[in-house]
Structures are given as C-alpha cells and as structure tokens.
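Trainee: Here it is, the structure, as structure tokens.
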2 protein chains.
Amino acid sequence: MSLDPSLASWLATHDARLLDDLGAFLRIPSVSARSEHKADVARAAEWLHARLARIGFAVETIPTPGHPVVLAEWRHAAPGAPTVLVYGHYDVQPPEPLELWTSPAFEPTVRDGRLYARGSVDDKGQVWAHVAAVEAHLAVRGALPVNLLFLVEGEEEVGSVHLAPFIERHRERLRCDAVVISDSAMFAPGIPSILSSLRGLAYFELNATGPNGDLHSGMYGGAVVNPATALARVIASLHDPDGRVAIAGFHDAVRPFPDAVLAQMRTLPFDEAGFKRELGVDALFGEARYTTLEKLWTRPTCEVNGLLSGYTGEGAKTVLPGKAMAKVSCRLVPDQDPETIHRLLERHVAAHTPAGVTITVTALHGGRPWRADLSGPLYEACARALASAFGRAPVIQGEGGSIPVVGDFERLLGVPVLLVGFGLPGENAHAPDEWIDLGNLRNGARAMAALWDELARTGL
Amino acid sequence: MSLDPSLASWLATHDARLLDDLGAFLRIPSVSARSEHKADVARAAEWLHARLARIGFAVETIPTPGHPVVLAEWRHAAPGAPTVLVYGHYDVQPPEPLELWTSPAFEPTVRDGRLYARGSVDDKGQVWAHVAAVEAHLAVRGALPVNLLFLVEGEEEVGSVHLAPFIERHRERLRCDAVVISDSAMFAPGIPSILSSLRGLAYFELNATGPNGDLHSGMYGGAVVNPATALARVIASLHDPDGRVAIAGFHDAVRPFPDAVLAQMRTLPFDEAGFKRELGVDALFGEARYTTLEKLWTRPTCEVNGLLSGYTGEGAKTVLPGKAMAKVSCRLVPDQDPETIHRLLERHVAAHTPAGVTITVTALHGGRPWRADLSGPLYEACARALASAFGRAPVIQGEGGSIPVVGDFERLLGVPVLLVGFGLPGENAHAPDEWIDLGNLRNGARAMAALWDELARTGL
C-alpha cells in the first residue's frame, strides 16, 4: 500500500493555501521564555485551536500554571481503529540576536526552496505537516482512518515543566495506542529517518576543598595538596587513554544495541570530513572500535561541562586555591540509570581523592535513556509511509541528546512512542536564520497522511 | 665581640620615645595601591626624610613615575670601612576589611607585648629598627662604624615596579659592599633567623582550544575531544603519584643545597601538627623523601593557580566547552630559570596533548630563584650580631616565596644581599590585626646596632 493518490493530489492542489496558513502561524512571535510575549504565546494557541476546530476537531485550550495546552480530538474512526496521540509544540525559541537574521525572524520568507522563520523547523512547521495531513483526509474522505489526538504545548522551549503533570491529570482522556512526535531532524537531505534511541543524562557537580582558604603558592606550594590539581587528576582518571569511561561498573548496565541496528548505522552515509570541518577540529576522539555515529548514539560518555578554581582573571596571581569545582555529566544509554551512575561516580572519586582534600559529588539533574522497539507495527507502518512519501526507505538513526518528554509519554501512558522528524541538520533550530526545507515539509505531510492509512490497515 | 653595652643602654633608655616615633610613622595611612592615599604616601616619605635628616643623614626624596624613594646617606666612617645599603619600604597594604580589626588599622595599639597597626611588621616597624640602631650609634658616639645608605621605597606593595630602573639610574651613587633587607619573619618566636634562599617563579597560562565553539554535550559528546578534559589530563601529567614534578628535564638544573644547610633545616623545631591545624587539612602532601620545610624551601613545584572552562554558574548546562584555561606556575630553586622551564613545559604539554585539541603555553611572569652564600663575612657578622642581641645563635631558613628585588640588587649592584627579618609567622602582614612582637622589634634594633660594629671590625 502506498500514499493514496487522492490525498497526494489534494495536498498538491492546496499547497499554496496550506503554506499561507503556516505563514500566519509563523508570524506569531510565541516566545515562551519571554514574559513580554505571553499574549503572543496565547495567540498562537488560539490560532492553532481555531485551525483544528475548522477542519473538524473537538478542541480545548487547557490552561496550565504556565502556557496553555491545545488538546484536539477526532474520535470517529471505525470501531477497532487505533487511537494515536500527536505531540508537538507551538512555542518558539527567542529570535535574538536579531541582526544575524537575513530576513526578519517573524516574517516567513522563501529563498531557494527553504522557508525561513523562527519556528519553521522547531516546531510549528512540523506541527503544520500533521495538520495538513489530517486536513487532506477530512477534505477528501470526510473522515480519518484512525482516532487522532493533538496535544500541542507552549512550554517545550522552557523545559516542558508542566507537561508531565498535565499528562498525569488527563491520563484517561489521553489514552491511546501510540504517540507520534515530529520534532527532530532527518539523517541527511533526501533520507527519511526514524529515531531509534535517545541518550539519558546524569549531571553532577564535583567540589574539591583542601586548605581552609586560598594560600600563597610560594609559602605553601609543594607541601599542601592543591585541590585544583587533585580535581584535575580525578577528571583525568574518568577515561582510559582510548577515551572509554573508566569509572568502575559504569558499563555494567549497558544493553548492547541489536546487531541489525548497528549494521544499519554502519551503512549511513556519514561525512566524517565534513563533520570535522564543521567543528573546526583536525581529529575526532573516542573509543577506537566504534564509529563516530556509534559513539554519539550508542555509547555512554562522561564530559566536563565546566571548571572553576582560583584566579581566572588577567595576568598572574600566585594563589594556591582552597577549592575547585567541576561540572561533569554522563550521557547514558539503556539500561544505565542516573542514580546508579551517581553511586559509581562517588565511589570512583573517593578512590581517586588524595589525602588532604575532600571531593563531594552532587547530582544536579538526571534523565533515563530511551530506546525504541523497532520491531513493532508502529515502526513498520511508519517505514512504509515514509518510503511512499519520500520515494526511498527510511533509515534508523540514534540521537546523542535527551528528550525527556519521550520517557514521560511512554511511562505515563504505557504506549510506544514514534519519533519521526522532517528537519535537517544545520537548519538552525535555536539560531538565527532558522529554516525548513519545503520539500521535506511537503513530504512530511504526505508521509503522515499515509501513516494513518497504514496504521488503520495493520492495526496497533 | 658582642653588642656594645652603651648602645644597648641608650636604646633601653630611649625606648618610649623611639616607640612614640614609630607610632607617628604608623599613623600615616601610606597605602600605595590606592590613589586616594597618594598624599598620605608622600607624607610618610616626608616623615622618614625628616627623621633621618634629624639624626645626621644627608637625605633626598627622589621622585619616580610612581611614589618617591627616600635615599639617605651617611658617609663619614673611617677610611676602609665598608659601605652598606639598607633597603626597606614605607608603603603599606590596604587595611580592608576594616571591620576585622580589633583596634583601628592606623591607630597603633599595644596589647600583650604586641604592637598592632597596619605596617607594624611590613615594613615600617622593621625600618624603624634600623633607624633606631643608627640613631643609637650617632647619639652615643657621634658617628657610625660603617658608611650607611638607606633606600626606602614607597611601592613595594604594588610590585616595586620603579625600583630596578631607579637602582640602575643611580648605580654609582648606590655603590656599596652589601645590601641588608629586613622585611621578613623569623623562623619562630625567640629564634633569630637569616634567610638563605628564595624560590623563583615561572608563571604560565595554558589555553586549550578544541571545537570552534561550545557544543551540545549530547549531540557531540563522545566523538569530539573535550578541551577541559584534555587540559585536566595535561595537569594530571605534571606530577608523578608521589607529588614530584614529572615534566621531563624539570630537575636537570637543580643544584642541591649544601648538606650542612639541609642538616641544619632538619634541626628546626617545625610543628607539623600545628601547620596542618592552621591550614585545616588532615594530611600534607608531596615527595616522600623530603621534610615539609625542605619541600617548601628547597624543592621546585608546579601548582595550578586557576581553572576556567565552560559553564560555571548554578545548576546544569549541557555544554561541551570549546576551550579551557589553566593558570599554572612553577616555584623554582637554584639554578632553574624561567625561560628553560617555559621551554620544557611547552614540550611536555605538546607531548600530552591529544589530537583534536591545541594547548598553548604563555609565560606571564618569571623570576629567578636566589640562594645566599652563607660562608661570607656578611653572614658571619650577622650571625654574631643576632646572637648577641637575641641571646641565642640564629638559624638559617629558606623561604618558599619570591622577593624579586633581592635579585635586582645582587644583579645591578654586584654585591651580596643579607635577608634578616624581625617578624614572626602569623603576624598578619597582609591581613587585619597586623602586629609585631615588641621584644623582637627591640632585639632587632639591638642586633642591627651590633651588626655595624661587627662589619667594621671584620670588613667585607
């Protein structure tokens, strides 16, 4: 089965009007981080509310202690049809620095097949692709093949702080068979992609204290432990020379990725030279037996995020610091968990702390890693839908970062989550000149239109 | 020969008046670091000028681009008598924080045999001891046994920046057989001391740069060198596990201290438990085969003075820093020199820098170590003078810090420098409640009075 030609044709015929709609959505500066944009954020919710109501959804804009959630429901599919929840967000990052935008952030502009505007890829454009897909169904057939819920929040760019409580409070109403999220990027141009994993996070602050104050490095140096040196030695002990994390027990909980997933990753056309060029480095790093993508997607890390000790101003000050601080965070892979990593790191640091200094390990933030079950009907349906819309089979890719809401949905609703995005690397999601490729935007709408037919056919 | 009883008697008889004089000197807030005290600094110079002129010196207050130098000369000793230059400073450290002073910083107050005031030990009190000694000679005998120059500057607490050029410009006029400096502390109460060595300094800034900007630690962590981690590993490589500096070639130029000096150091009553208590540490550190005093006085070090990288604010920010900085300084012992150490450190850092990161080593400040020739007549005369004034033989001690002017005098005037001080450890030279022990102050004046007789007798 492939994309229904009548849906494809409707989307093509109404392309200009649909993009005008998106333009109106993008013109609203719904910057959730800025209180002066509170009314704009509310206006974006209203716009989306009206848009979904117009095409036949039952819509409610539900307040939270922060910005509201737009919840839209269409529950008239044939008995036995699956119910799917689509998650997205209508808030955007601040546009600053404004002077680096080629065209104004909130004046959508097309150049070279790219739609430039704040929110174009993150995430209004991707929400729009979903809206266009359902509008095509409802316009052509008067119905959707599955029951659909849209949950579109206004606080993703400020940490989704009220989302988990919202899901919990509305758990019954949000009951569904699957969650679909389009808020990510494809592997590369022309290559539709499904996200297979996210790394978790365990973030710590290490505080080393030695003498009861800063000392004169001449009068005391050589006879007193320097906390900055001690902390540097602890940091140096976190990896073996190959770059593998050397904390005892750190890898114990790591569940290997399936061979098929790893084999597929090795076939991805990753441009290592371009990656190095982009970063301005002449060499990459890490465990020699893994490829760069494997390192980024399937391997846990331990990174220094910050260092502070002693005198850091201009010139020379001969201080032997009384204390030193490091921020250190681990990216985790299934089935590592932040609490165990905290315990292991504490033990490791204690074992590497010399007499005369104390080093504490404080957990600041944690999130579990996530891995999709790629064998289910949800993923198979999506793979077919992407293939029919983009003209080539999708690839499976990992993600080195963390998206906490994925775990929240899975845990609170007990259903699988599908991460399928239509952005591209380099589309400046949080930077000036944010853009989305119009071809991917259109193919995204076609793919999602096909997905609902696929899911109705195979069930969930 | 011992302290001339008539000099001792004169000093004892005039003790109250001499201390009143010192009180007047200490009341002048000659804080060289603060422009609002410029007039006070000038007033302190005038006071000293008048004081030395009154007792028979030819005095000139000579401007510099900063604060003036008071240069006082008495050149009427018997033909063939040696000429000695006494160096000191009339400027003081800022008194802040004022609220931590028990009595006001510029209101000299005696409590329990201690004279409390800013400048009491550093260095007005010690300058006063010299003035009192020469006044005793001139009052009792109408003459000094040696030719004496006082060079008292007003910029010691701000780095003595104009002193070396001053010495150079006035080299002929400053020609002498020895320089005597009293601006240091005795080893412990009741133990007169001569300083035998100073450590030098080689101060560097290390800058590590990796990717061309801060990266997201999730999206890039594990495949890109973290400059903070790389810098920590370099710092960790600077010492072996025993605490010995592990830079190749670092110790090549170290000239061992004479066995007699080391043996004498081992006899000093060093209170290791008290030292730990003072610093609030439960263990000391460093090369196991050296005592604490040997580590501080005779061994070179490599200390981290500052660290800065990435995010150092509150909470968690998942940044993989694009750069990292460390301030690192080495204390040097004879015959190490800062330039060679710079070259060796550069080589060491390069050998420990992983691919994908660049670490530069910039020299910020350097000073050569210094060691006295303890066998000359200058030291022997001083040892006898101290013994007669304090009632016990002096000890020889080292000093872990650096006093750059010592090297300047030696280099520019080509004569030996004698460092003999009357302070005590813990007299708060740069802190609130600065004080000097009145007994040491009086014995210091007696010792210096005896020193001139000793030098006249033995020659230089």
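Following the order of the structure tokens, chains are lettered A, B, ..., residues in each are numbered from 1, and ligands are numbered from 1.
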With a distance threshold of 6 Å and counting only C-alpha atoms, extract the residues of chain B near chain A and express them as a ChimeraX atom specification.
Mentor: /B:211-212,218-219,222-225,232-233,236,279-286,292,295-296,301,305-312,319-320,355-356,400-401
Trainee: Dump N, CA and C atoms for the selected residues as an mmCIF file, in the first residue's frame?
Mentor:
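Wrote it out as out_34.cif, contents follow:
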```
data_model
loop_
_atom_site.group_PDB
_atom_site.id
_atom_site.type_symbol
_atom_site.label_atom_id
_atom_site.label_comp_id
_atom_site.auth_asym_id
_atom_site.auth_seq_id
_atom_site.Cartn_x
_atom_site.Cartn_y
_atom_site.Cartn_z
ATOM 1 N N PRO B 211 36.894 22.291 19.559
ATOM 2 C CA PRO B 211 35.936 22.716 18.541
ATOM 3 C C PRO B 211 35.827 24.244 18.513
ATOM 4 N N ASN B 212 35.329 24.759 17.384
ATOM 5 C CA ASN B 212 35.320 26.214 17.202
ATOM 6 C C ASN B 212 34.251 26.946 18.009
ATOM 7 N N GLY B 218 25.252 16.498 24.413
ATOM 8 C CA GLY B 218 24.524 15.307 23.982
ATOM 9 C C GLY B 218 24.764 15.016 22.516
ATOM 10 N N MET B 219 24.713 16.055 21.706
ATOM 11 C CA MET B 219 24.824 15.844 20.268
ATOM 12 C C MET B 219 26.246 15.508 19.843
ATOM 13 N N GLY B 222 31.434 12.373 23.192
ATOM 14 C CA GLY B 222 31.885 11.018 22.944
ATOM 15 C C GLY B 222 32.642 10.879 21.642
ATOM 16 N N ALA B 223 32.483 11.874 20.759
ATOM 17 C CA ALA B 223 33.163 11.784 19.458
ATOM 18 C C ALA B 223 34.129 12.944 19.244
ATOM 19 N N VAL B 224 34.100 13.914 20.154
ATOM 20 C CA VAL B 224 34.902 15.119 19.990
ATOM 21 C C VAL B 224 35.735 15.285 21.250
ATOM 22 N N VAL B 225 36.988 15.678 21.088
ATOM 23 C CA VAL B 225 37.819 15.925 22.267
ATOM 24 C C VAL B 225 37.233 17.060 23.081
ATOM 25 N N ALA B 232 42.696 18.869 31.813
ATOM 26 C CA ALA B 232 42.804 18.178 33.108
ATOM 27 C C ALA B 232 43.822 17.042 33.017
ATOM 28 N N ARG B 233 43.822 16.338 31.891
ATOM 29 C CA ARG B 233 44.775 15.230 31.731
ATOM 30 C C ARG B 233 46.212 15.766 31.663
ATOM 31 N N ALA B 236 47.115 16.628 35.165
ATOM 32 C CA ALA B 236 47.383 15.401 35.925
ATOM 33 C C ALA B 236 48.755 14.832 35.588
ATOM 34 N N LEU B 279 46.075 25.142 58.529
ATOM 35 C CA LEU B 279 45.537 25.082 57.171
ATOM 36 C C LEU B 279 44.201 24.346 57.099
ATOM 37 N N GLY B 280 43.846 23.640 58.173
ATOM 38 C CA GLY B 280 42.592 22.884 58.148
ATOM 39 C C GLY B 280 42.655 21.662 57.252
ATOM 40 N N VAL B 281 43.808 21.039 57.128
ATOM 41 C CA VAL B 281 43.909 19.813 56.330
ATOM 42 C C VAL B 281 44.331 18.656 57.236
ATOM 43 N N ASP B 282 43.918 17.467 56.879
ATOM 44 C CA ASP B 282 44.248 16.315 57.714
ATOM 45 C C ASP B 282 45.495 15.591 57.220
ATOM 46 N N ALA B 283 46.029 16.017 56.079
ATOM 47 C CA ALA B 283 47.241 15.390 55.570
ATOM 48 C C ALA B 283 48.006 16.399 54.736
ATOM 49 N N LEU B 284 49.311 16.304 54.797
ATOM 50 C CA LEU B 284 50.135 17.116 53.922
ATOM 51 C C LEU B 284 50.443 16.322 52.659
ATOM 52 N N PHE B 285 51.361 16.792 51.869
ATOM 53 C CA PHE B 285 51.473 16.309 50.511
ATOM 54 C C PHE B 285 52.911 16.415 50.047
ATOM 55 N N GLY B 286 53.254 15.631 49.051
ATOM 56 C CA GLY B 286 54.490 15.860 48.341
ATOM 57 C C GLY B 286 55.500 14.743 48.446
ATOM 58 N N THR B 292 58.721 18.634 55.293
ATOM 59 C CA THR B 292 57.869 19.744 54.853
ATOM 60 C C THR B 292 58.694 20.995 54.569
ATOM 61 N N LYS B 295 60.508 20.658 51.380
ATOM 62 C CA LYS B 295 59.603 20.834 50.241
ATOM 63 C C LYS B 295 59.346 22.314 49.979
ATOM 64 N N LEU B 296 59.139 23.059 51.063
ATOM 65 C CA LEU B 296 58.787 24.475 50.903
ATOM 66 C C LEU B 296 59.971 25.333 50.487
ATOM 67 N N THR B 301 58.253 23.429 42.491
ATOM 68 C CA THR B 301 56.862 22.972 42.437
ATOM 69 C C THR B 301 56.246 23.301 41.082
ATOM 70 N N ASN B 305 47.083 27.527 39.635
ATOM 71 C CA ASN B 305 46.613 28.732 40.327
ATOM 72 C C ASN B 305 45.191 29.113 39.947
ATOM 73 N N GLY B 306 44.726 28.569 38.803
ATOM 74 C CA GLY B 306 43.372 28.895 38.363
ATOM 75 C C GLY B 306 42.921 27.964 37.259
ATOM 76 N N LEU B 307 41.605 27.756 37.199
ATOM 77 C CA LEU B 307 40.985 26.908 36.174
ATOM 78 C C LEU B 307 39.711 27.589 35.710
ATOM 79 N N LEU B 308 39.458 27.569 34.402
ATOM 80 C CA LEU B 308 38.191 28.107 33.904
ATOM 81 C C LEU B 308 37.820 27.430 32.596
ATOM 82 N N SER B 309 36.601 26.909 32.565
ATOM 83 C CA SER B 309 36.105 26.336 31.312
ATOM 84 C C SER B 309 34.591 26.211 31.384
ATOM 85 N N GLY B 310 33.948 26.378 30.233
ATOM 86 C CA GLY B 310 32.533 26.060 30.084
ATOM 87 C C GLY B 310 31.619 26.793 31.028
ATOM 88 N N TYR B 311 30.646 26.056 31.547
ATOM 89 C CA TYR B 311 29.602 26.644 32.371
ATOM 90 C C TYR B 311 29.965 26.510 33.840
ATOM 91 N N THR B 312 29.966 27.629 34.554
ATOM 92 C CA THR B 312 30.364 27.586 35.959
ATOM 93 C C THR B 312 29.309 28.199 36.871
ATOM 94 N N VAL B 319 26.891 21.713 28.206
ATOM 95 C CA VAL B 319 27.776 22.250 27.189
ATOM 96 C C VAL B 319 29.057 21.429 27.136
ATOM 97 N N LEU B 320 29.522 21.179 25.927
ATOM 98 C CA LEU B 320 30.853 20.620 25.731
ATOM 99 C C LEU B 320 31.705 21.833 25.369
ATOM 100 N N ALA B 355 45.245 14.530 19.868
ATOM 101 C CA ALA B 355 44.812 15.066 18.578
ATOM 102 C C ALA B 355 43.433 15.666 18.744
ATOM 103 N N GLY B 356 43.152 16.737 18.006
ATOM 104 C CA GLY B 356 41.836 17.352 18.050
ATOM 105 C C GLY B 356 41.756 18.530 18.997
ATOM 106 N N GLY B 400 59.765 29.997 50.758
ATOM 107 C CA GLY B 400 59.154 29.395 49.575
ATOM 108 C C GLY B 400 58.735 30.397 48.523
ATOM 109 N N GLY B 401 58.523 31.630 48.954
ATOM 110 C CA GLY B 401 58.081 32.654 48.010
ATOM 111 C C GLY B 401 59.251 33.324 47.324
#
```
Trainee: Can you pull out the residues contacting Leu48 of chain A? Cut-off 9 Å, using only C-alpha atoms, and skip same-chain residues under 3 positions away; I want them as an MDAnalysis selection string.
Mentor: chainID A and resid 25 43:45 51:53 70 90 152
Trainee: Go ahead and compute the interatomic distance for atom CA of Leu19 of chain A and atom CA of Glu135 of chain A, in Å to one decimal.
Mentor: 13.2 Å
Trainee: What parts of segment 54-143 of chain A does DSSP call strand (DSSP E)? I'd like the answer as a ChimeraX atom specification.
Mentor: /A:58-62,69-74,83-89,109-111,114-116
Trainee: If you run DSSP over the backbone, which residues in segment 219-321 of chain A end up helix (DSSP H, G or I)? Put them as an MDAnalysis selection string.
Mentor: chainID A and resid 219:220 227:236 259:266 272:279 292:298
Trainee: Residues of segment 348-435 of chain B that have any atom at most 12 Å from an atom of segment 129-134 of chain B: could you tabulate them with the shortest-distance atom pair and the distance in Å to one decimal, using only C-alpha atoms, ordered by chain and increasing number, as CSV?
Mentor:
```
residue,atom,partner,partner_atom,distance
B:Ala389,CA,B:Ala133,CA,11.8
B:Val420,CA,B:His130,CA,11.4
B:Gly421,CA,B:Ala129,CA,10.2
B:Phe422,CA,B:Ala129,CA,8.9
B:Gly423,CA,B:Ala129,CA,11.4
```
